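Peer 1: Input structure: data-v3.cif, which contains mmCIF, C-alpha atoms and all ligand atoms.
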```cif
data_structure
#
loop_
_atom_site.label_atom_id
_atom_site.label_comp_id
_atom_site.auth_asym_id
_atom_site.auth_seq_id
_atom_site.Cartn_x
_atom_site.Cartn_y
_atom_site.Cartn_z
CA MET P 1 94.41 -0.60 -15.04
CA THR P 2 94.37 1.27 -11.74
CA ASP P 3 96.62 0.30 -8.85
CA THR P 4 94.92 -1.72 -6.16
CA PRO P 5 96.10 -0.59 -2.72
CA SER P 6 96.55 -3.45 -0.31
CA ALA P 7 94.15 -3.39 2.63
CA PRO P 8 95.61 -2.21 5.95
CA THR P 9 96.71 -4.96 8.34
CA VAL P 10 95.59 -3.01 11.40
CA LEU P 11 92.37 -1.10 12.02
CA LYS P 12 92.92 2.07 14.01
CA ALA P 13 90.17 3.69 16.09
CA GLY P 14 91.31 6.31 18.59
CA SER P 15 94.19 4.65 20.42
CA HIS P 16 92.89 1.16 19.63
CA ARG P 17 94.88 -1.03 17.24
CA ILE P 18 93.05 -4.13 16.03
CA PRO P 19 94.92 -6.61 13.83
CA LEU P 20 93.09 -7.47 10.61
CA GLY P 21 93.29 -10.66 8.60
CA GLU P 22 94.11 -13.01 11.48
CA ARG P 23 90.53 -13.41 12.70
CA THR P 24 87.17 -11.97 11.79
CA LEU P 25 86.09 -9.09 13.99
CA LEU P 26 82.58 -8.92 15.40
CA MET P 27 80.86 -5.58 15.92
CA GLY P 28 78.14 -6.14 18.52
CA ILE P 29 74.95 -4.12 18.07
CA VAL P 30 73.64 -2.00 20.96
CA ASN P 31 70.42 -0.35 19.79
CA VAL P 32 69.13 2.28 22.23
CA THR P 33 65.91 2.70 20.27
CA PRO P 34 62.22 1.94 20.72
CA ASP P 35 61.77 0.75 17.13
CA SER P 36 64.81 -1.10 15.71
CA PHE P 37 63.67 -3.86 13.39
CA SER P 38 64.71 -6.80 15.55
CA ASP P 39 65.52 -5.58 19.06
CA GLY P 40 63.64 -2.27 19.32
CA GLY P 41 62.79 -1.32 22.90
CA GLU P 42 64.93 -4.07 24.45
CA HIS P 43 67.68 -1.70 25.63
CA LEU P 44 66.04 1.73 25.62
CA ASP P 45 66.99 2.26 29.23
CA ALA P 46 70.68 3.32 29.41
CA ASP P 47 71.54 0.82 32.16
CA ALA P 48 70.03 -2.03 30.13
CA ALA P 49 71.96 -0.92 27.03
CA VAL P 50 75.24 -0.75 28.96
CA ALA P 51 74.66 -4.18 30.48
CA HIS P 52 73.87 -5.54 27.02
CA GLY P 53 77.10 -4.05 25.62
CA GLU P 54 79.17 -5.58 28.42
CA HIS P 55 77.47 -8.92 27.80
CA LEU P 56 78.31 -8.75 24.08
CA VAL P 57 81.98 -8.09 24.89
CA ALA P 58 82.00 -11.07 27.27
CA GLU P 59 80.59 -13.14 24.39
CA GLY P 60 83.42 -12.06 22.09
CA ALA P 61 82.55 -8.72 20.49
CA ASP P 62 85.63 -6.83 19.24
CA ILE P 63 83.77 -3.52 18.74
CA LEU P 64 80.45 -2.19 20.06
CA ASP P 65 78.15 -0.11 17.86
CA VAL P 66 75.74 2.12 19.79
CA GLY P 67 72.78 3.50 17.83
CA GLY P 68 69.96 5.84 18.82
CA GLU P 69 67.98 5.92 15.56
CA SER P 70 66.49 3.01 13.66
CA THR P 71 67.33 2.87 9.96
CA ARG P 72 64.83 0.13 9.15
CA PRO P 73 62.76 0.77 6.00
CA GLY P 74 60.20 3.50 6.72
CA ALA P 75 61.68 4.48 10.08
CA PRO P 76 60.90 8.06 11.15
CA GLU P 77 63.76 10.50 11.63
CA VAL P 78 64.80 11.12 15.22
CA PRO P 79 65.71 14.70 16.24
CA ALA P 80 69.43 15.12 16.98
CA ASP P 81 68.92 16.02 20.64
CA VAL P 82 66.78 12.91 21.25
CA GLU P 83 69.38 10.71 19.52
CA THR P 84 72.16 12.37 21.53
CA ASP P 85 70.30 11.83 24.80
CA ARG P 86 69.90 8.15 23.96
CA VAL P 87 73.47 7.34 22.93
CA VAL P 88 75.79 9.60 24.94
CA PRO P 89 75.19 8.12 28.43
CA VAL P 90 75.60 4.63 26.99
CA VAL P 91 78.80 5.50 25.10
CA GLU P 92 80.22 7.24 28.16
CA ALA P 93 79.54 4.29 30.48
CA LEU P 94 80.69 1.65 28.01
CA THR P 95 83.99 3.36 27.20
CA SER P 96 84.92 3.27 30.87
CA ARG P 97 83.84 -0.36 31.32
CA VAL P 98 85.00 -2.24 28.22
CA ASP P 99 88.37 -2.40 26.48
CA VAL P 100 87.03 -2.59 22.93
CA PRO P 101 86.37 0.43 20.69
CA VAL P 102 82.89 1.91 21.00
CA SER P 103 81.38 3.12 17.74
CA VAL P 104 78.41 5.46 17.37
CA ASP P 105 75.93 4.57 14.63
CA THR P 106 74.78 7.98 13.43
CA SER P 107 74.53 10.18 10.36
CA LYS P 108 74.27 13.43 12.27
CA ALA P 109 77.40 15.51 12.97
CA GLN P 110 75.91 16.82 16.22
CA VAL P 111 75.39 13.30 17.57
CA ALA P 112 78.79 12.11 16.31
CA GLU P 113 80.54 15.01 18.02
CA ALA P 114 78.79 14.41 21.35
CA ALA P 115 79.56 10.69 21.19
CA LEU P 116 83.22 11.27 20.25
CA ASP P 117 83.53 13.72 23.14
CA ALA P 118 82.02 11.04 25.39
CA GLY P 119 84.70 8.54 24.36
CA ALA P 120 83.52 6.86 21.15
CA THR P 121 86.45 6.05 18.86
CA MET P 122 84.50 5.15 15.71
CA VAL P 123 81.64 6.66 13.75
CA ASN P 124 79.42 4.33 11.73
CA ASP P 125 77.73 6.53 9.14
CA VAL P 126 75.13 4.65 7.07
CA THR P 127 74.97 7.60 4.68
CA ALA P 128 78.74 7.62 4.08
CA LEU P 129 79.09 11.39 4.68
CA THR P 130 76.25 12.31 2.32
CA ALA P 131 73.88 13.45 5.11
CA SER P 132 76.51 15.26 7.17
CA PRO P 133 79.86 15.80 5.41
CA GLY P 134 81.11 17.43 8.64
CA ILE P 135 81.40 13.97 10.21
CA ALA P 136 84.65 13.50 8.25
CA LYS P 137 86.32 16.49 9.90
CA LEU P 138 85.10 15.40 13.34
CA ALA P 139 86.43 11.88 12.84
CA ALA P 140 89.77 13.27 11.63
CA GLU P 141 90.08 15.61 14.63
CA HIS P 142 89.33 12.76 17.07
CA ASP P 143 91.57 10.18 15.31
CA ALA P 144 88.44 8.09 15.06
CA GLY P 145 87.68 5.17 12.79
CA LEU P 146 84.93 5.74 10.23
CA VAL P 147 82.56 3.22 8.63
CA LEU P 148 81.19 4.32 5.25
CA MET P 149 78.10 2.42 4.14
CA HIS P 150 76.31 2.38 0.80
CA MET P 151 72.60 3.15 0.69
CA GLN P 152 70.36 3.97 -2.28
CA GLY P 153 67.83 6.58 -1.16
CA THR P 154 66.98 7.13 2.49
CA PRO P 155 65.46 4.75 5.07
CA ARG P 156 62.10 6.42 4.35
CA THR P 157 62.20 5.56 0.65
CA MET P 158 64.94 3.03 0.02
CA GLN P 159 62.91 -0.15 -0.42
CA ALA P 160 60.29 1.44 -2.75
CA ASP P 161 62.00 0.47 -6.00
CA PRO P 162 65.76 -0.13 -5.71
CA THR P 163 67.27 0.00 -9.19
CA TYR P 164 70.81 -0.49 -10.47
CA ASP P 165 72.42 -1.25 -13.84
CA ASP P 166 75.23 -3.11 -12.08
CA VAL P 167 74.84 -3.13 -8.31
CA VAL P 168 78.37 -4.36 -7.55
CA ARG P 169 80.04 -1.78 -9.77
CA GLU P 170 77.84 1.09 -8.55
CA VAL P 171 78.32 0.26 -4.86
CA ARG P 172 82.05 -0.10 -5.38
CA THR P 173 82.31 3.25 -7.18
CA PHE P 174 80.24 4.99 -4.50
CA LEU P 175 82.38 3.59 -1.67
CA SER P 176 85.58 4.48 -3.49
CA GLU P 177 84.43 8.10 -3.88
CA ARG P 178 83.27 8.41 -0.28
CA ALA P 179 86.52 6.87 1.01
CA GLN P 180 88.45 9.43 -1.03
CA GLN P 181 86.31 12.20 0.47
CA ALA P 182 87.17 10.90 3.94
CA GLN P 183 90.88 10.78 3.13
CA ASP P 184 90.71 14.29 1.70
CA ALA P 185 89.28 15.41 5.06
CA GLY P 186 92.38 14.02 6.79
CA ILE P 187 91.34 10.49 7.81
CA PRO P 188 94.11 7.98 7.07
CA ARG P 189 93.23 4.91 5.04
CA ASP P 190 93.69 2.55 8.00
CA ARG P 191 90.85 4.27 9.86
CA ILE P 192 88.31 3.91 7.04
CA VAL P 193 86.04 0.86 6.73
CA VAL P 194 83.67 0.27 3.78
CA ASP P 195 80.33 -1.54 3.85
CA PRO P 196 78.03 -2.55 0.95
CA GLY P 197 74.92 -1.78 3.03
CA ILE P 198 72.96 -5.01 2.94
CA GLY P 199 69.23 -4.21 2.88
CA PHE P 200 69.68 -0.48 2.29
CA GLY P 201 67.94 0.21 -1.03
CA LYS P 202 68.46 -3.33 -2.33
CA THR P 203 66.29 -6.19 -3.51
CA LEU P 204 67.05 -9.77 -2.53
CA GLN P 205 68.99 -10.21 -5.78
CA HIS P 206 71.02 -7.04 -5.14
CA ASN P 207 71.90 -8.26 -1.64
CA LEU P 208 72.93 -11.67 -2.95
CA ALA P 209 75.03 -10.14 -5.74
CA LEU P 210 76.91 -7.98 -3.24
CA LEU P 211 77.47 -10.86 -0.82
CA ARG P 212 78.75 -13.05 -3.66
CA ASN P 213 81.12 -10.32 -4.81
CA LEU P 214 82.77 -9.15 -1.59
CA PRO P 215 86.20 -9.79 -3.15
CA ALA P 216 85.40 -7.01 -5.65
CA LEU P 217 85.14 -4.60 -2.71
CA ARG P 218 88.45 -5.78 -1.29
CA ALA P 219 90.10 -4.15 -4.27
CA LEU P 220 89.24 -0.77 -2.70
CA GLY P 221 92.00 -1.39 -0.17
CA HIS P 222 89.90 -0.80 2.94
CA PRO P 223 88.65 -3.22 5.59
CA ILE P 224 85.17 -4.50 4.73
CA LEU P 225 82.23 -4.58 7.13
CA VAL P 226 79.10 -6.61 6.42
CA GLY P 227 75.83 -5.94 8.27
CA HIS P 228 73.47 -8.81 7.47
CA SER P 229 72.35 -9.86 10.94
CA ARG P 230 68.69 -11.02 11.12
CA LYS P 231 67.83 -8.93 8.04
CA SER P 232 64.74 -9.41 5.91
CA PHE P 233 66.56 -10.95 2.94
CA ILE P 234 67.12 -13.98 5.19
CA GLY P 235 63.36 -14.05 5.78
CA ASP P 236 62.75 -13.64 2.03
CA ILE P 237 64.81 -16.77 1.35
CA THR P 238 63.67 -18.93 4.25
CA GLY P 239 60.34 -17.54 5.46
CA ALA P 240 61.86 -17.24 8.95
CA PRO P 241 60.48 -14.42 11.13
CA VAL P 242 62.93 -11.86 12.47
CA ASP P 243 63.36 -13.64 15.81
CA ASP P 244 64.36 -16.85 14.11
CA ARG P 245 67.05 -15.78 11.65
CA VAL P 246 70.22 -16.70 13.54
CA PRO P 247 70.95 -19.82 11.44
CA GLY P 248 70.60 -17.82 8.20
CA THR P 249 72.74 -15.07 9.70
CA LEU P 250 75.48 -17.59 10.50
CA ALA P 251 75.42 -18.92 6.93
CA VAL P 252 76.08 -15.42 5.62
CA SER P 253 78.72 -14.78 8.30
CA THR P 254 80.63 -17.90 7.30
CA LEU P 255 80.53 -17.09 3.61
CA GLY P 256 81.39 -13.49 4.46
CA VAL P 257 84.62 -14.75 6.03
CA ALA P 258 85.32 -16.72 2.85
CA GLY P 259 84.62 -13.61 0.77
CA GLY P 260 87.10 -11.51 2.71
CA ALA P 261 84.92 -9.62 5.21
CA ASP P 262 86.98 -8.17 8.06
CA ILE P 263 84.14 -7.12 10.37
CA LEU P 264 80.64 -8.55 10.81
CA ARG P 265 78.04 -6.34 12.49
CA VAL P 266 75.80 -8.71 14.45
CA HIS P 267 73.18 -8.96 17.18
CA ASP P 268 73.99 -12.54 18.28
CA VAL P 269 77.64 -12.37 19.22
CA ALA P 270 78.09 -15.75 20.94
CA GLU P 271 76.62 -17.68 18.01
CA ASN P 272 78.58 -15.68 15.45
CA ARG P 273 81.79 -16.01 17.48
CA GLN P 274 81.58 -19.78 17.29
CA ALA P 275 80.72 -19.76 13.58
CA VAL P 276 83.48 -17.37 12.56
CA ASP P 277 86.10 -18.98 14.81
CA VAL P 278 85.52 -22.22 12.91
CA ALA P 279 85.38 -20.41 9.57
CA ASP P 280 88.59 -18.53 10.43
CA ALA P 281 90.36 -21.78 11.32
CA LEU P 282 89.31 -23.30 8.00
CA ILE P 283 89.84 -20.30 5.81
CA ARG P 284 92.51 -18.16 7.42
CA GLY P 285 94.37 -21.13 8.91
CA GLY P 286 94.31 -19.83 12.49
CA THR P 287 93.01 -21.67 15.52
N1 LIG P 301 72.51 -2.02 9.44
C1 LIG P 301 71.71 -1.44 10.36
C2 LIG P 301 72.14 -0.32 11.09
N2 LIG P 301 73.40 0.16 10.93
N3 LIG P 301 75.49 0.06 9.89
C3 LIG P 301 76.32 -0.51 9.00
N4 LIG P 301 77.57 -0.05 8.84
N5 LIG P 301 75.93 -1.58 8.23
C4 LIG P 301 74.68 -2.12 8.33
O1 LIG P 301 74.37 -3.08 7.58
C5 LIG P 301 73.78 -1.54 9.27
C6 LIG P 301 74.24 -0.42 10.04
C7 LIG P 301 70.34 -1.97 10.60
O2 LIG P 301 70.35 -2.92 11.62
P1 LIG P 301 69.89 -2.62 13.13
O3 LIG P 301 70.80 -1.63 13.77
O4 LIG P 301 69.75 -3.90 13.85
O5 LIG P 301 68.43 -2.07 12.98
P2 LIG P 301 67.81 -0.62 13.07
O6 LIG P 301 68.42 0.23 12.00
O7 LIG P 301 66.34 -0.86 12.86
O8 LIG P 301 68.13 -0.07 14.43
#
```
Could you show the structure in this file as structure tokens?

Peer 2:
Amino acid sequence: MTDTPSAPTVLKAGSHRIPLGERTLLMGIVNVTPDSFSDGGEHLDADAAVAHGEHLVAEGADILDVGGESTRPGAPEVPADVETDRVVPVVEALTSRVDVPVSVDTSKAQVAEAALDAGATMVNDVTALTASPGIAKLAAEHDAGLVLMHMQGTPRTMQADPTYDDVVREVRTFLSERAQQAQDAGIPRDRIVVDPGIGFGKTLQHNLALLRNLPALRALGHPILVGHSRKSFIGDITGAPVDDRVPGTLAVSTLGVAGGADILRVHDVAENRQAVDVADALIRGGT
């Protein structure tokens, strides 16, 4: 049997120190894109995106995640300079206006570097260093936090025919290997977050298996992030259109707390804040 490292009790991102385990952290989504699956075009203008980020913090977000490229199934790739132009002004403004860590949701080293230079203290890489291994060195040099997410395939192809022998085991092995790669590049364990990648190359049954088995990921010894907000598996179960998936999102958030999730990446911060505060009081014993 291999040793199971205990998960860090503090998440470090730049100079930020966020206690883990006491309450569930919410990562508020700030999409500066024309085509994100649920809020595309709503905050394409930098001022609107910054105002949205500030609003999410006022509603209780612990981290903001700024993205300039949609990763929805079939989304086209965005050139690095376009993505940079979308996210950097927003990251720069937000880091001077909010006290929470600002993360950049990107898989491109060029975009990550520009965002880190502009003040971002986390990189959220949905390819877990497979698209741009150089992101690990950049994150290490900037003392940044790093989210490593599992995806089968690429956004262009991932929902064509997702196939696994054992989705929980394969996702866990992948995340363990990528986390080791990050540590080998000089990122300490308490700056690395792992994420099963709900909806990224997964059928409904794969998503449900991963959500039921979050405790299996805890054994990796890293904080766990779950990104389920408004996603299509909720529509597959309920028939609800994308604009009407908050109740389903809250069900997953609550059970995510019970399963040991540390961070939930969500669009609807106020609603999730109330749900996870109650879930935290019940499950973690806090008030
Ligand atoms: N999901 C999305 C984007 N980034 N990052 C992590 N770590 N985990 C996720 O589950 C995740 C993510 C997709 O959601 P959204 O940003 O709302 O949509 P889009 O990719 O269309 O912009």

Peer 1: Got a sec to check which residues sit within 7 Å of (72.4, 9.7, 19.6), counting only C-alpha atoms, and write them as a PyMOL selection string?

Peer 2: chain P and resi 67-68+80+82-88+106+111

Peer 1: Of the candidates P:Leu64, P:Ile135, P:Leu116, P:Ala13, which one gets nearest to ligand LIG 301 (chain P) if we count all atoms listed in the file?

Peer 2: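 So, comparing all the options, the nearest one is P:Leu64.
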
Peer 1: Check every protein, DNA and RNA residue against ligand LIG 301 (chain P), keep those with an atom at most 9 Å away (counting all atoms listed in the file), and present them as a ChimeraX atom specification.

Peer 2: /P:29-40,65-73,75,105-106,124-126,147-150,155,193-200,225-231,264-267

Peer 1: Taking 2 positions as the minimum chain separation for residues in the same chain, which residues sit within 8 Å of region 59-63 of chain P when counting only C-alpha atoms? Answer as a list in words.

Peer 2: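 My list of contacting residues is Leu25, Leu26, Met27, Gly28, His55, Leu56, Val57, Asp65, Val100, Pro101, Val102, Ser103, Val269, Ala270 and Arg273 of chain P.
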
Peer 1: Using C-alpha atoms, can you export the residues from the last selection as a PDB file, in the frame of the given file?

Peer 2:
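The resulting file, again_8.pdb, is reproduced below:
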```pdb
ATOM      1  CA  LEU P  25      86.090  -9.090  13.990  1.00  0.00           C
ATOM      2  CA  LEU P  26      82.580  -8.920  15.400  1.00  0.00           C
ATOM      3  CA  MET P  27      80.860  -5.580  15.920  1.00  0.00           C
ATOM      4  CA  GLY P  28      78.140  -6.140  18.520  1.00  0.00           C
ATOM      5  CA  HIS P  55      77.470  -8.920  27.800  1.00  0.00           C
ATOM      6  CA  LEU P  56      78.310  -8.750  24.080  1.00  0.00           C
ATOM      7  CA  VAL P  57      81.980  -8.090  24.890  1.00  0.00           C
ATOM      8  CA  ASP P  65      78.150  -0.110  17.860  1.00  0.00           C
ATOM      9  CA  VAL P 100      87.030  -2.590  22.930  1.00  0.00           C
ATOM     10  CA  PRO P 101      86.370   0.430  20.690  1.00  0.00           C
ATOM     11  CA  VAL P 102      82.890   1.910  21.000  1.00  0.00           C
ATOM     12  CA  SER P 103      81.380   3.120  17.740  1.00  0.00           C
ATOM     13  CA  VAL P 269      77.640 -12.370  19.220  1.00  0.00           C
ATOM     14  CA  ALA P 270      78.090 -15.750  20.940  1.00  0.00           C
ATOM     15  CA  ARG P 273      81.790 -16.010  17.480  1.00  0.00           C
TER      16      ARG P 273
END
```

Peer 1: For Val246 (chain P), please output as a list of chain:residue names all residues within 9 Å (counting all atoms listed in the file; exclusion window: fewer than 3 positions along the same chain).

Peer 2: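 After dropping sequence-adjacent residues, the list is P:Ser229, P:Arg230, P:Val242, P:Asp243, P:Thr249, P:Leu250, P:Ala251, P:Asp268, P:Glu271, P:Asn272.
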
Peer 1: I'd like the interatomic distance between CA of Glu141 (chain P) and CA of Leu220 (chain P), to a tenth of an Å.

Peer 2: 23.9 Å

Peer 1: Excluding same-chain residues fewer than 6 positions from Ala258 (chain P), what lies within 10 Å of it counting all atoms listed in the file, as a list in words?

Peer 2: Arg212, Leu214, Pro215, Val252, Val276, Ala279, Asp280, Leu282, Ile283 and Arg284 of chain P

Peer 1: Would you compute the distance between CA of Lys12 (chain P) and CA of Ala49 (chain P)? Give it in Å to one decimal.

Peer 2: 24.9 Å

Peer 1: How many Å lie between CA of Val123 (chain P) and CA of Leu146 (chain P), rounded to one decimal?

Peer 2: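 Those two atoms sit 4.9 Å apart.
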
Peer 1: Let me make sure I understand: among P:Ala136, P:Ala112, P:Val278, P:Val91, which one has the smallest atom-to-atom distance to Asp47 (chain P) if we use all atoms listed in the file?

Peer 2: P:Val91

Peer 1: Could you check which of P:Ala216, P:Leu129, P:Ala261, P:Leu204 is closest to Ala182 (chain P), using only C-alpha atoms?

Peer 2: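 Of P:Ala216, P:Leu129, P:Ala261, P:Leu204, the one nearest Ala182 (chain P), counting only C-alpha atoms, is P:Leu129.
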
Peer 1: From the options P:Val167, P:Pro188, P:Asp244, P:Glu177, which residue's atoms come nearest to Asn207 (chain P), counting only C-alpha atoms?

Peer 2: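 Among the listed residues, the smallest separation from Asn207 (chain P) belongs to P:Val167.
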